[in-house]
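One file, my_file.csv, is given below (CSV, C-alpha atoms).
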chain,number,residue,atom,x,y,z
A,223,MET,CA,121.4,57.2,102.8
A,224,LYS,CA,118.3,58.9,104.3
A,225,HIS,CA,114.8,57.7,104.0
A,226,CYS,CA,111.4,59.4,103.8
A,227,ASP,CA,107.9,58.5,102.6
A,228,VAL,CA,107.7,61.2,100.0
A,229,PHE,CA,110.4,63.4,98.5
A,230,ILE,CA,109.2,66.7,96.9
A,231,ILE,CA,111.4,68.8,94.6
A,232,GLY,CA,110.4,72.4,94.7
A,233,GLY,CA,108.5,74.7,97.2
A,234,GLY,CA,106.1,76.5,94.9
A,235,PRO,CA,102.3,76.1,95.2
A,236,ALA,CA,102.2,72.5,93.8
A,237,GLY,CA,104.9,71.3,96.2
A,238,SER,CA,103.5,73.1,99.2
A,239,ILE,CA,99.9,71.8,98.8
A,240,ALA,CA,101.1,68.2,98.2
A,241,ALA,CA,103.4,68.4,101.2
A,242,ALA,CA,100.6,69.8,103.4
A,243,LYS,CA,98.1,67.1,102.5
A,244,LEU,CA,100.7,64.3,103.0
A,245,VAL,CA,102.0,65.4,106.4
A,246,GLN,CA,98.5,66.0,107.7
A,247,ALA,CA,97.8,62.3,106.9
A,248,GLY,CA,100.8,61.3,109.0
A,249,TYR,CA,103.5,60.7,106.4
A,250,ASP,CA,107.2,61.8,106.5
A,251,VAL,CA,107.8,64.4,103.8
A,252,LYS,CA,111.1,65.9,102.7
A,253,LEU,CA,110.9,69.0,100.5
A,254,VAL,CA,114.0,70.5,98.9
A,255,GLU,CA,113.9,74.0,97.3
A,256,ARG,CA,116.8,75.3,95.2
A,257,GLN,CA,116.2,79.0,95.9
A,258,VAL,CA,115.7,81.1,99.0
A,259,PHE,CA,112.1,82.3,99.8
A,260,PRO,CA,110.7,84.8,99.3
A,261,ARG,CA,111.6,84.9,95.6
A,262,PHE,CA,110.0,86.7,92.7
A,263,VAL,CA,107.9,84.8,90.1
A,264,ILE,CA,105.2,86.0,87.7
A,265,GLY,CA,101.7,84.5,87.7
A,266,GLU,CA,100.1,86.8,90.3
A,267,SER,CA,96.4,86.4,89.6
A,268,LEU,CA,94.5,83.4,91.2
A,269,LEU,CA,91.2,81.8,90.4
A,270,PRO,CA,88.3,80.7,92.7
A,271,ARG,CA,89.2,77.0,92.1
A,272,CYS,CA,92.5,77.8,94.0
A,273,ASN,CA,90.5,78.8,97.1
A,274,GLN,CA,88.6,75.6,97.0
A,275,LEU,CA,91.8,73.5,96.7
A,276,LEU,CA,93.5,75.5,99.5
A,277,ASN,CA,90.4,75.1,101.7
A,278,ASP,CA,90.4,71.3,101.1
A,279,ALA,CA,94.0,71.2,102.2
A,280,ASN,CA,93.4,73.3,105.4
A,281,MET,CA,95.6,76.1,104.0
A,282,LEU,CA,93.0,78.8,103.0
A,283,ASP,CA,92.9,80.3,106.5
A,284,SER,CA,96.6,81.2,106.3
A,285,ILE,CA,96.1,82.8,102.9
A,286,GLU,CA,93.1,84.8,104.1
A,287,ALA,CA,95.0,85.9,107.1
A,288,ALA,CA,97.7,87.3,104.9
A,289,GLY,CA,95.3,90.0,103.6
A,290,PHE,CA,95.8,89.6,99.8
A,291,GLN,CA,93.7,91.7,97.4
A,292,PHE,CA,90.2,90.4,96.9
A,293,LYS,CA,89.5,89.4,93.3
A,294,GLY,CA,85.9,89.1,92.2
A,295,GLY,CA,86.2,88.7,88.4
A,296,VAL,CA,87.9,89.6,85.1
A,297,ALA,CA,87.3,92.3,82.5
A,298,PHE,CA,88.4,92.3,78.9
A,299,GLN,CA,88.6,95.5,76.9
A,300,THR,CA,89.9,96.8,73.6
A,301,GLY,CA,89.2,100.5,73.9
A,302,ARG,CA,86.0,100.0,71.8
A,303,GLU,CA,84.7,96.8,73.3
A,304,PHE,CA,84.2,95.8,76.9
A,305,GLU,CA,83.1,92.6,78.7
A,306,ILE,CA,83.2,91.8,82.4
A,307,PHE,CA,82.8,88.4,84.0
A,308,HIS,CA,81.9,88.4,87.7
A,309,PHE,CA,82.9,85.1,89.3
A,310,ASP,CA,79.7,84.8,91.3
A,311,ASN,CA,77.7,84.5,88.1
A,312,ASN,CA,78.8,80.9,87.4
A,313,LEU,CA,77.2,77.5,87.1
A,314,GLY,CA,76.8,77.1,90.9
A,315,GLU,CA,80.5,76.6,91.7
A,316,PRO,CA,81.4,76.4,95.4
A,317,PHE,CA,83.8,79.3,95.4
A,318,ASN,CA,83.1,82.7,93.8
A,319,SER,CA,86.2,84.8,94.4
A,320,SER,CA,90.0,84.6,94.8
A,321,PHE,CA,93.0,86.8,95.3
A,322,GLN,CA,95.6,89.0,93.5
A,323,VAL,CA,98.9,88.1,95.1
A,324,LYS,CA,102.6,89.0,95.0
A,325,ARG,CA,103.8,85.5,94.3
A,326,GLU,CA,106.9,86.0,96.4
A,327,LEU,CA,104.6,86.5,99.5
A,328,PHE,CA,101.9,84.0,98.5
A,329,ASP,CA,104.3,81.1,97.8
A,330,HIS,CA,106.3,81.8,100.9
A,331,GLU,CA,103.1,81.8,103.1
A,332,LEU,CA,102.0,78.5,101.6
A,333,LEU,CA,105.4,76.9,102.2
A,334,LYS,CA,105.5,78.2,105.7
A,335,ASP,CA,102.1,76.7,106.3
A,336,ALA,CA,103.2,73.3,104.9
A,337,GLU,CA,106.3,73.5,107.2
A,338,ARG,CA,104.1,74.4,110.3
A,339,LYS,CA,102.1,71.3,109.5
A,340,GLY,CA,105.2,69.1,109.6
A,341,THR,CA,107.0,69.2,106.3
A,342,ASP,CA,110.8,69.0,106.5
A,343,VAL,CA,111.8,72.0,104.3
A,344,GLU,CA,115.4,72.6,103.1
A,345,PHE,CA,116.4,75.7,101.1
A,346,GLU,CA,119.3,76.3,98.7
A,347,SER,CA,119.7,72.6,98.0
A,348,GLU,CA,119.6,71.2,94.5
A,349,VAL,CA,118.6,67.8,93.1
A,350,THR,CA,121.4,66.7,90.8
A,351,ALA,CA,120.5,63.1,90.0
A,352,TYR,CA,117.6,60.7,90.2
A,353,ASP,CA,117.4,56.9,89.9
A,354,PRO,CA,113.8,56.1,88.9
A,355,ASP,CA,114.2,52.4,89.5
A,356,ALA,CA,115.6,52.5,93.0
A,357,ASN,CA,113.7,55.8,93.6
A,358,ILE,CA,116.9,57.4,95.0
A,359,VAL,CA,117.3,61.2,94.8
A,360,THR,CA,120.8,62.8,95.0
A,361,VAL,CA,120.9,66.3,96.5
A,362,LYS,CA,123.7,68.9,96.7
A,363,THR,CA,123.3,70.9,99.8
A,364,LYS,CA,123.9,74.6,100.4
A,365,GLN,CA,127.2,73.6,102.1
A,366,GLY,CA,128.2,71.5,99.0
A,367,ASP,CA,127.7,68.1,100.6
A,368,ILE,CA,126.1,65.3,98.6
A,369,GLU,CA,123.2,63.5,100.2
A,370,THR,CA,120.9,60.7,98.9
A,371,TYR,CA,117.3,60.0,99.8
A,372,GLN,CA,115.3,56.9,99.2
A,373,ALA,CA,111.6,57.6,99.0
A,374,LYS,CA,108.4,55.6,98.4
A,375,LYS,CA,107.3,58.4,96.1
A,376,VAL,CA,109.0,61.4,94.4
A,377,ILE,CA,106.9,64.4,93.5
A,378,ASP,CA,108.6,66.9,91.1
A,379,ALA,CA,107.2,70.4,91.7
A,380,SER,CA,110.3,72.2,90.5
A,381,GLY,CA,108.4,74.6,88.2
A,382,TYR,CA,110.5,76.3,85.5
A,383,GLY,CA,113.5,74.3,86.8
A,384,ARG,CA,111.9,71.1,85.4
A,385,VAL,CA,114.2,68.8,87.2
A,386,LEU,CA,112.9,65.4,86.4
A,387,PRO,CA,111.9,66.3,82.8
A,388,ARG,CA,115.6,67.3,82.3
A,389,LEU,CA,117.1,64.3,84.1
A,390,LEU,CA,114.8,61.7,82.5
A,391,ASN,CA,114.5,63.3,79.0
A,392,LEU,CA,110.8,63.9,79.4
A,393,ASP,CA,110.5,67.3,77.7
A,394,ALA,CA,108.2,67.5,74.7
A,395,LYS,CA,107.5,70.3,72.2
A,396,PRO,CA,104.7,72.5,73.4
A,397,LYS,CA,101.5,72.6,71.3
A,398,LEU,CA,101.1,76.3,71.8
A,399,ALA,CA,103.0,78.9,69.9
A,400,LEU,CA,106.0,80.4,71.8
A,401,ARG,CA,105.3,83.9,73.2
A,402,ARG,CA,107.1,86.5,75.2
A,403,ALA,CA,106.0,88.3,78.4
A,404,THR,CA,107.4,91.8,79.2
A,405,PHE,CA,106.5,93.0,82.7
A,406,CYS,CA,107.1,95.3,85.7
A,407,ARG,CA,105.3,96.7,88.7
A,408,VAL,CA,104.0,100.3,89.1
A,409,GLN,CA,102.5,102.5,91.7
A,410,ASN,CA,99.9,105.3,91.6
A,411,ASP,CA,97.7,103.9,88.8
A,412,VAL,CA,94.1,105.0,88.3
A,413,ARG,CA,91.9,102.1,89.3
A,414,PRO,CA,88.2,101.6,88.6
A,415,THR,CA,85.8,103.1,91.1
A,416,ASP,CA,82.8,100.8,90.3
A,417,GLY,CA,83.7,98.0,92.7
A,418,THR,CA,86.0,96.2,90.2
A,419,ASP,CA,89.2,97.8,91.4
A,420,GLY,CA,90.5,94.3,92.5
A,421,TYR,CA,89.6,92.6,89.3
A,422,ILE,CA,92.2,91.7,86.7
A,423,TYR,CA,91.8,93.8,83.5
A,424,VAL,CA,93.0,92.4,80.2
A,425,ASP,CA,93.6,94.9,77.4
A,426,VAL,CA,93.7,93.7,73.8
A,427,TYR,CA,96.3,95.7,71.9
A,428,GLY,CA,95.9,96.6,68.2
A,429,ASP,CA,94.5,93.9,66.0
A,430,ASN,CA,94.9,91.2,68.6
A,431,ASP,CA,98.7,91.7,68.3
A,432,ALA,CA,99.3,91.6,72.0
A,433,TRP,CA,97.5,91.9,75.3
A,434,ILE,CA,98.2,93.7,78.6
A,435,TRP,CA,97.6,92.3,82.1
A,436,ASN,CA,96.6,94.7,84.8
A,437,ILE,CA,96.8,93.0,88.2
A,438,PRO,CA,96.2,95.2,91.3
A,439,PHE,CA,97.6,94.4,94.7
A,440,ASN,CA,96.3,95.6,98.0
A,441,ASP,CA,99.2,97.9,98.7
A,442,GLY,CA,98.6,100.2,95.8
A,443,ILE,CA,101.1,98.5,93.5
A,444,THR,CA,100.0,97.0,90.2
A,445,SER,CA,101.6,94.3,88.0
A,446,VAL,CA,101.5,95.2,84.3
A,447,GLY,CA,102.7,92.8,81.7
A,448,ILE,CA,102.5,92.6,77.9
A,449,VAL,CA,102.2,89.2,76.1
A,450,CYS,CA,102.9,88.9,72.3
A,451,THR,CA,104.8,86.8,69.9
A,452,GLU,CA,108.6,87.2,69.7
A,453,ALA,CA,108.2,88.4,66.1
A,454,PHE,CA,105.9,91.2,67.2
A,455,PHE,CA,108.3,92.3,69.9
A,456,GLN,CA,111.3,92.2,67.5
A,457,SER,CA,109.4,94.3,64.9
A,458,PHE,CA,109.8,97.3,67.2
A,459,ASN,CA,113.6,97.0,67.6
A,460,MET,CA,113.2,98.3,71.1
A,461,THR,CA,114.6,97.4,74.5
A,462,ASP,CA,112.2,95.7,77.0
A,463,ASP,CA,111.8,99.0,78.8
A,464,ALA,CA,111.1,101.0,75.7
A,465,PHE,CA,108.7,98.4,74.4
A,466,TRP,CA,106.7,98.3,77.7
A,467,ASP,CA,106.4,102.1,77.6
A,468,HIS,CA,105.3,102.2,74.0
A,469,ILE,CA,102.6,99.5,74.3
A,470,VAL,CA,101.2,100.7,77.7
A,471,HIS,CA,101.1,104.3,76.7
A,472,THR,CA,99.5,103.8,73.3
A,473,HIS,CA,96.7,101.6,74.4
A,474,PRO,CA,93.6,103.8,74.9
A,475,CYS,CA,92.7,102.1,78.3
A,476,ALA,CA,96.1,101.5,79.6
A,477,LYS,CA,97.5,105.0,78.9
A,478,GLU,CA,94.6,106.5,80.9
A,479,ARG,CA,95.1,104.0,83.8
A,480,TYR,CA,98.9,104.6,84.0
A,481,LYS,CA,99.1,108.3,83.1
A,482,ASN,CA,100.4,109.2,86.6
A,483,ALA,CA,102.0,105.8,87.4
A,484,SER,CA,105.7,105.2,88.0
A,485,LYS,CA,107.7,102.0,87.7
A,486,ILE,CA,109.1,100.6,91.0
A,487,ASN,CA,111.4,98.0,89.4
A,488,ASP,CA,113.2,97.2,86.2
A,489,VAL,CA,111.2,95.8,83.3
A,490,GLY,CA,111.7,92.1,83.0
A,491,SER,CA,110.9,89.6,80.3
A,492,LEU,CA,110.4,85.9,79.8
A,493,SER,CA,110.4,84.1,76.4
A,494,GLY,CA,109.2,80.7,75.3
A,495,TYR,CA,107.5,80.0,78.6
A,496,SER,CA,105.1,77.3,77.4
A,497,ALA,CA,106.2,73.7,78.3
A,498,ALA,CA,105.0,70.1,77.8
A,499,VAL,CA,106.2,66.6,78.7
A,500,LYS,CA,106.0,63.1,77.2
A,501,LYS,CA,104.3,61.8,80.3
A,502,LEU,CA,103.2,63.1,83.7
A,503,TYR,CA,104.2,60.1,85.9
A,504,GLY,CA,106.4,57.0,86.2
A,505,ASP,CA,106.3,54.0,88.5
A,506,ASN,CA,107.9,55.9,91.4
A,507,PHE,CA,107.4,59.6,90.5
A,508,VAL,CA,104.8,62.1,89.4
A,509,LEU,CA,105.2,65.6,87.8
A,510,VAL,CA,103.1,68.5,89.1
A,511,GLY,CA,102.7,72.2,88.4
A,512,ASN,CA,105.0,73.8,85.9
A,513,ALA,CA,107.3,70.8,86.0
A,514,SER,CA,104.6,69.1,83.8
A,515,GLU,CA,102.7,71.5,81.6
A,516,PHE,CA,102.6,75.3,81.4
A,517,LEU,CA,100.2,76.9,78.9
A,518,ASP,CA,99.9,80.7,78.9
A,519,PRO,CA,99.2,83.5,81.4
A,520,VAL,CA,96.1,84.9,79.6
A,521,PHE,CA,93.6,83.2,81.8
A,522,SER,CA,95.7,82.9,85.0
A,523,SER,CA,95.6,79.1,84.9
A,524,GLY,CA,99.1,78.5,86.1
A,525,VAL,CA,98.6,78.5,89.9
A,526,THR,CA,95.2,76.7,89.5
A,527,LEU,CA,96.8,73.9,87.5
A,528,ALA,CA,99.7,73.8,90.0
A,529,LEU,CA,97.4,73.5,93.0
A,530,GLU,CA,95.1,71.0,91.3
A,531,SER,CA,98.0,68.7,90.2
A,532,GLY,CA,99.7,68.9,93.6
A,533,SER,CA,96.4,68.2,95.4
A,534,VAL,CA,95.4,65.2,93.1
A,535,ALA,CA,99.0,63.8,93.2
A,536,ALA,CA,99.0,63.9,97.0
A,537,ASP,CA,95.6,62.2,97.2
A,538,LEU,CA,96.7,59.4,94.9
A,539,THR,CA,100.0,59.1,96.7
A,540,LEU,CA,98.2,58.7,100.0
A,541,ARG,CA,96.1,55.9,98.6
A,542,GLU,CA,99.2,54.2,97.2
A,543,LEU,CA,101.0,54.5,100.5
A,544,GLN,CA,98.0,52.9,102.2
A,545,GLY,CA,98.2,49.9,99.9
A,546,ASP,CA,95.6,50.8,97.2
A,547,THR,CA,96.2,50.2,93.5
A,548,VAL,CA,96.2,53.6,91.7
A,549,ASP,CA,95.7,53.9,88.0
A,550,TRP,CA,97.9,56.9,87.4
A,551,GLN,CA,97.0,57.1,83.8
A,552,THR,CA,93.3,57.4,84.3
A,553,GLU,CA,93.2,59.0,87.7
A,554,TYR,CA,96.0,61.5,87.2
A,555,GLU,CA,97.2,62.1,83.7
A,556,ASP,CA,93.9,61.7,81.9
A,557,TYR,CA,92.2,63.8,84.6
A,558,MET,CA,94.7,66.6,84.5
A,559,MET,CA,94.8,66.7,80.7
A,560,ARG,CA,91.0,67.2,80.6
A,561,GLY,CA,91.3,70.4,82.4
A,562,ILE,CA,94.5,71.4,80.6
A,563,ASN,CA,92.8,70.9,77.3
A,564,VAL,CA,89.9,73.1,78.2
A,565,PHE,CA,92.3,75.9,79.1
A,566,ARG,CA,94.4,75.2,76.0
A,567,GLU,CA,91.3,75.6,73.8
A,568,PHE,CA,90.5,78.9,75.4
A,569,VAL,CA,94.1,80.0,75.0
A,570,GLU,CA,94.3,79.0,71.3
A,571,SER,CA,90.9,80.6,70.5
A,572,TRP,CA,91.9,83.8,72.4
A,573,TYR,CA,95.0,84.2,70.1
A,574,ASP,CA,93.2,83.4,66.9
A,575,GLY,CA,90.3,85.7,67.7
A,576,ARG,CA,87.4,83.2,68.1
A,577,LEU,CA,87.1,83.8,71.8
A,578,GLN,CA,87.0,87.5,71.4
A,579,THR,CA,84.1,87.0,69.0
A,580,ILE,CA,82.2,85.2,71.8
A,581,PHE,CA,83.3,87.5,74.6
A,582,PHE,CA,82.4,90.8,72.8
A,583,THR,CA,79.2,89.8,71.1
A,584,GLU,CA,76.1,91.5,72.5
A,585,HIS,CA,73.1,89.7,74.0
A,586,LYS,CA,74.9,86.5,75.0
A,587,ASP,CA,72.7,83.8,76.4
A,588,GLU,CA,73.0,83.8,80.2
A,589,ARG,CA,73.8,80.1,80.4
A,590,ILE,CA,76.7,80.7,78.0
A,591,LYS,CA,78.1,83.6,80.1
A,592,GLN,CA,77.8,81.5,83.2
A,593,SER,CA,79.6,78.6,81.5
A,594,ILE,CA,82.4,80.9,80.4
A,595,THR,CA,82.6,82.4,83.9
A,596,SER,CA,83.0,78.9,85.4
A,597,VAL,CA,86.0,78.2,83.0
A,598,LEU,CA,87.5,81.6,83.9
A,599,SER,CA,87.0,80.6,87.5
A,600,GLY,CA,89.2,77.5,87.0
A,601,TYR,CA,86.4,75.0,87.2
A,602,VAL,CA,87.5,73.2,84.1
A,603,TRP,CA,86.5,69.7,85.2
A,604,ASN,CA,82.7,70.4,85.7
A,605,PRO,CA,80.9,68.0,83.4
A,606,LYS,CA,77.8,70.2,83.4
A,607,ASN,CA,79.7,72.8,81.4
A,608,TYR,CA,79.6,72.3,77.7
A,609,PHE,CA,82.9,74.1,77.3
A,610,VAL,CA,84.4,71.3,79.5
A,611,LYS,CA,82.7,68.4,77.7
A,612,SER,CA,83.8,69.4,74.3
A,613,PRO,CA,85.7,72.7,74.3
A,614,THR,CA,86.7,73.0,70.7
A,615,ALA,CA,83.2,72.1,69.4
A,616,ALA,CA,81.6,74.4,71.9
A,617,VAL,CA,83.8,77.4,70.9
A,618,ASN,CA,83.4,76.7,67.1
A,619,THR,CA,79.7,76.2,67.3
A,620,LEU,CA,79.2,79.5,69.1
A,621,VAL,CA,81.4,81.4,66.8
A,622,ALA,CA,79.6,80.0,63.7
A,623,MET,CA,76.2,81.0,65.3
A,624,ILE,CA,77.5,84.5,66.0
A,625,GLU,CA,78.9,85.0,62.5
A,626,SER,CA,75.8,83.6,60.9
A,627,SER,CA,73.6,86.1,62.8
A,628,LYS,CA,75.7,88.9,61.3
A,629,GLN,CA,74.9,87.9,57.7
A,630,PRO,CA,72.3,90.0,55.9
A,631,VAL,CA,68.9,88.3,55.4
Encoding of this model in C-alpha cells:
Amino acid sequence: MKHCDVFIIGGGPAGSIAAAKLVQAGYDVKLVERQVFPRFVIGESLLPRCNQLLNDANMLDSIEAAGFQFKGGVAFQTGREFEIFHFDNNLGEPFNSSFQVKRELFDHELLKDAERKGTDVEFESEVTAYDPDANIVTVKTKQGDIETYQAKKVIDASGYGRVLPRLLNLDAKPKLALRRATFCRVQNDVRPTDGTDGYIYVDVYGDNDAWIWNIPFNDGITSVGIVCTEAFFQSFNMTDDAFWDHIVHTHPCAKERYKNASKINDVGSLSGYSAAVKKLYGDNFVLVGNASEFLDPVFSSGVTLALESGSVAADLTLRELQGDTVDWQTEYEDYMMRGINVFREFVESWYDGRLQTIFFTEHKDERIKQSITSVLSGYVWNPKNYFVKSPTAAVNTLVAMIESSKQPV
C-alpha cells in the first residue's frame, strides 16, 4: 500500500487548483486522471471570479501566458432585443475580465502547472473502489495493475465521471429540468467590430424555446452550441447535425454571424447534464467541481464553481492537516450552496422568462445592472449584492415592479 497526504481523483480545473494549493503548502499530493490530456470537454467560457481564484493559487500567470481570448463581458439578444453587460461595470469586484478557452488546452495547462508545482500526476488510471472508513483508494493503472493508496484526505474532482457519488451512492435527483446541448466549432464567422468580439453572445431562439451560445477563440474558431429541452429537440425529428443547422440558420442574429462559416468538427450532443448529490463531504472525503453539482451552461458557471470548490476544499484540507477542527457543513457545503443557489435562481428564471424580463427592460437602475453584472462575473458570494442575499425574492420583486410599470394608469 502506498501513502500520501491527499489523493485527488480527476485532473480538471477543480482537481488542478486543489492540488496546486496543497503542494505549495508542502503536502504530498497524488492525482489520478482516467483520460489522457489534452481531451475535449465543453464549458469554454470563463468568468472573472475564475481569474481571482487562479491568481490566489499562483496559477494565473501560466494561463495568461497561454494567450487565451480576452473576455470582457456577455451580450444577450433575441433579434429584437439586445442587452450587454460589461464585466467592469460591477459592484467593485477585484477582477473585471476573464477568458474564452478551448478546454482541452486550458485544463491541460492548469494540470501541467499543478505538476510543475509538485503534484504527482498519473494518467490513464482509474479509481475502482474506495473505503471511506479506512480512507483507502483502489486504482487500476494503465498497465492493468491494482494499487491501493491510503490518504489523509480524498478529494473527488472526477467531473462527469462522478466516481465517489457512484461508489458511495451519493447521487441525487437534480432540481433543474433536464436539457440537451448540441454543439460544434466553426471557422470564418462574422464577429462584432465594436470591441465586443471576445464577448460571449447568447441568442434567445423563438419564444424562449432554446438559446445559442457563441464563444469566440483567439485563433478565429468559434464554439456554437444550442441548449433546449429534449422534447423541443425531438419535435424536429432531426439528426444532431440537421438540428444544429436549422436552429443556427433560422435565428436572425446567428444566421448573419455564421453565413460564411464552416464546421471544423462533427456536431456533438450531451443530454441530461445537470447533476446533484446528497452531500458534498464525508469524514475523509470531499466532492468538488462537477463531481458534486452541475447546473446549466447558460451563465458559464461550471468552471467557476469547479475552481471555487477546489480552492475552498484545499484551504479547509490544509487547516485539517495542520490540526485545526473544520466544520465542513458550514465552511464548505453551506458556503458552496449559497453560491450554487444564486446561479440556480438565475438559471431557473432564465428558462421561465423572468430574467429576460429584467435583462431586456429599458432604463434599468444602474445599481441593478451592476448587481446583475457581478453575478454574471461569478461573484455569487458577495453579501453586498441583493441578488446574493435573497436571489428569488430579488428576481421576483424586480419582475413585479417591471410588470406593474407596464400597466395602464
**Request:** Please measure the separation of atom CA of Leu540 of chain A and atom CA of Ala379 of chain A, giving the value in Å to one decimal.
**Result:**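 About the pair atom CA of Leu540 of chain A and atom CA of Ala379 of chain A: they are 16.9 Å apart.
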**Request:** Using atom CA of Val424 of chain A and atom CA of Phe298 of chain A as the two end points, give the distance in Å to one decimal.
**Result:**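 If I compute the distance from atom CA of Val424 of chain A to atom CA of Phe298 of chain A, I get 4.8 Å.
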**Message:** as a PyMOL selection string, please: the residues near segment 567-571 of chain A (cut-off 10 Å, all atoms listed in the file, same-chain neighbours under 5 positions excluded).
**Reply:** chain A and resi 397-399+517-521+562+576-580+594+597-598+609-610+612-618
Write the residues of the selection above to a file with C-alpha atoms, as a short mmCIF file (atom, residue, chain, number, x, y, z; two decimals), keeping the file's coordinate frame.
data_model
loop_
_atom_site.label_atom_id
_atom_site.label_comp_id
_atom_site.auth_asym_id
_atom_site.auth_seq_id
_atom_site.Cartn_x
_atom_site.Cartn_y
_atom_site.Cartn_z
CA LYS A 397 101.50 72.60 71.30
CA LEU A 398 101.10 76.30 71.80
CA ALA A 399 103.00 78.90 69.90
CA LEU A 517 100.20 76.90 78.90
CA ASP A 518 99.90 80.70 78.90
CA PRO A 519 99.20 83.50 81.40
CA VAL A 520 96.10 84.90 79.60
CA PHE A 521 93.60 83.20 81.80
CA ILE A 562 94.50 71.40 80.60
CA ARG A 576 87.40 83.20 68.10
CA LEU A 577 87.10 83.80 71.80
CA GLN A 578 87.00 87.50 71.40
CA THR A 579 84.10 87.00 69.00
CA ILE A 580 82.20 85.20 71.80
CA ILE A 594 82.40 80.90 80.40
CA VAL A 597 86.00 78.20 83.00
CA LEU A 598 87.50 81.60 83.90
CA PHE A 609 82.90 74.10 77.30
CA VAL A 610 84.40 71.30 79.50
CA SER A 612 83.80 69.40 74.30
CA PRO A 613 85.70 72.70 74.30
CA THR A 614 86.70 73.00 70.70
CA ALA A 615 83.20 72.10 69.40
CA ALA A 616 81.60 74.40 71.90
CA VAL A 617 83.80 77.40 70.90
CA ASN A 618 83.40 76.70 67.10
#
**Asked** Taking into account all atoms listed in the file, which residue in the set A:Lys586, A:Lys324, A:Lys334, A:Arg407 is nearest to Asn487 of chain A?
**Response** A:Arg407
**Message:** Please determine, counting only C-alpha atoms, which residue among A:Ile358, A:Ile443, A:Ile231, A:Ala373 has the shortest atom-to-atom distance to Asp250 of chain A.
**Reply:** A:Ala373
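Rounded to one decimal, atom CA of Ser627 of chain A and atom CA of Tyr608 of chain A lie 21.2 Å from each other.
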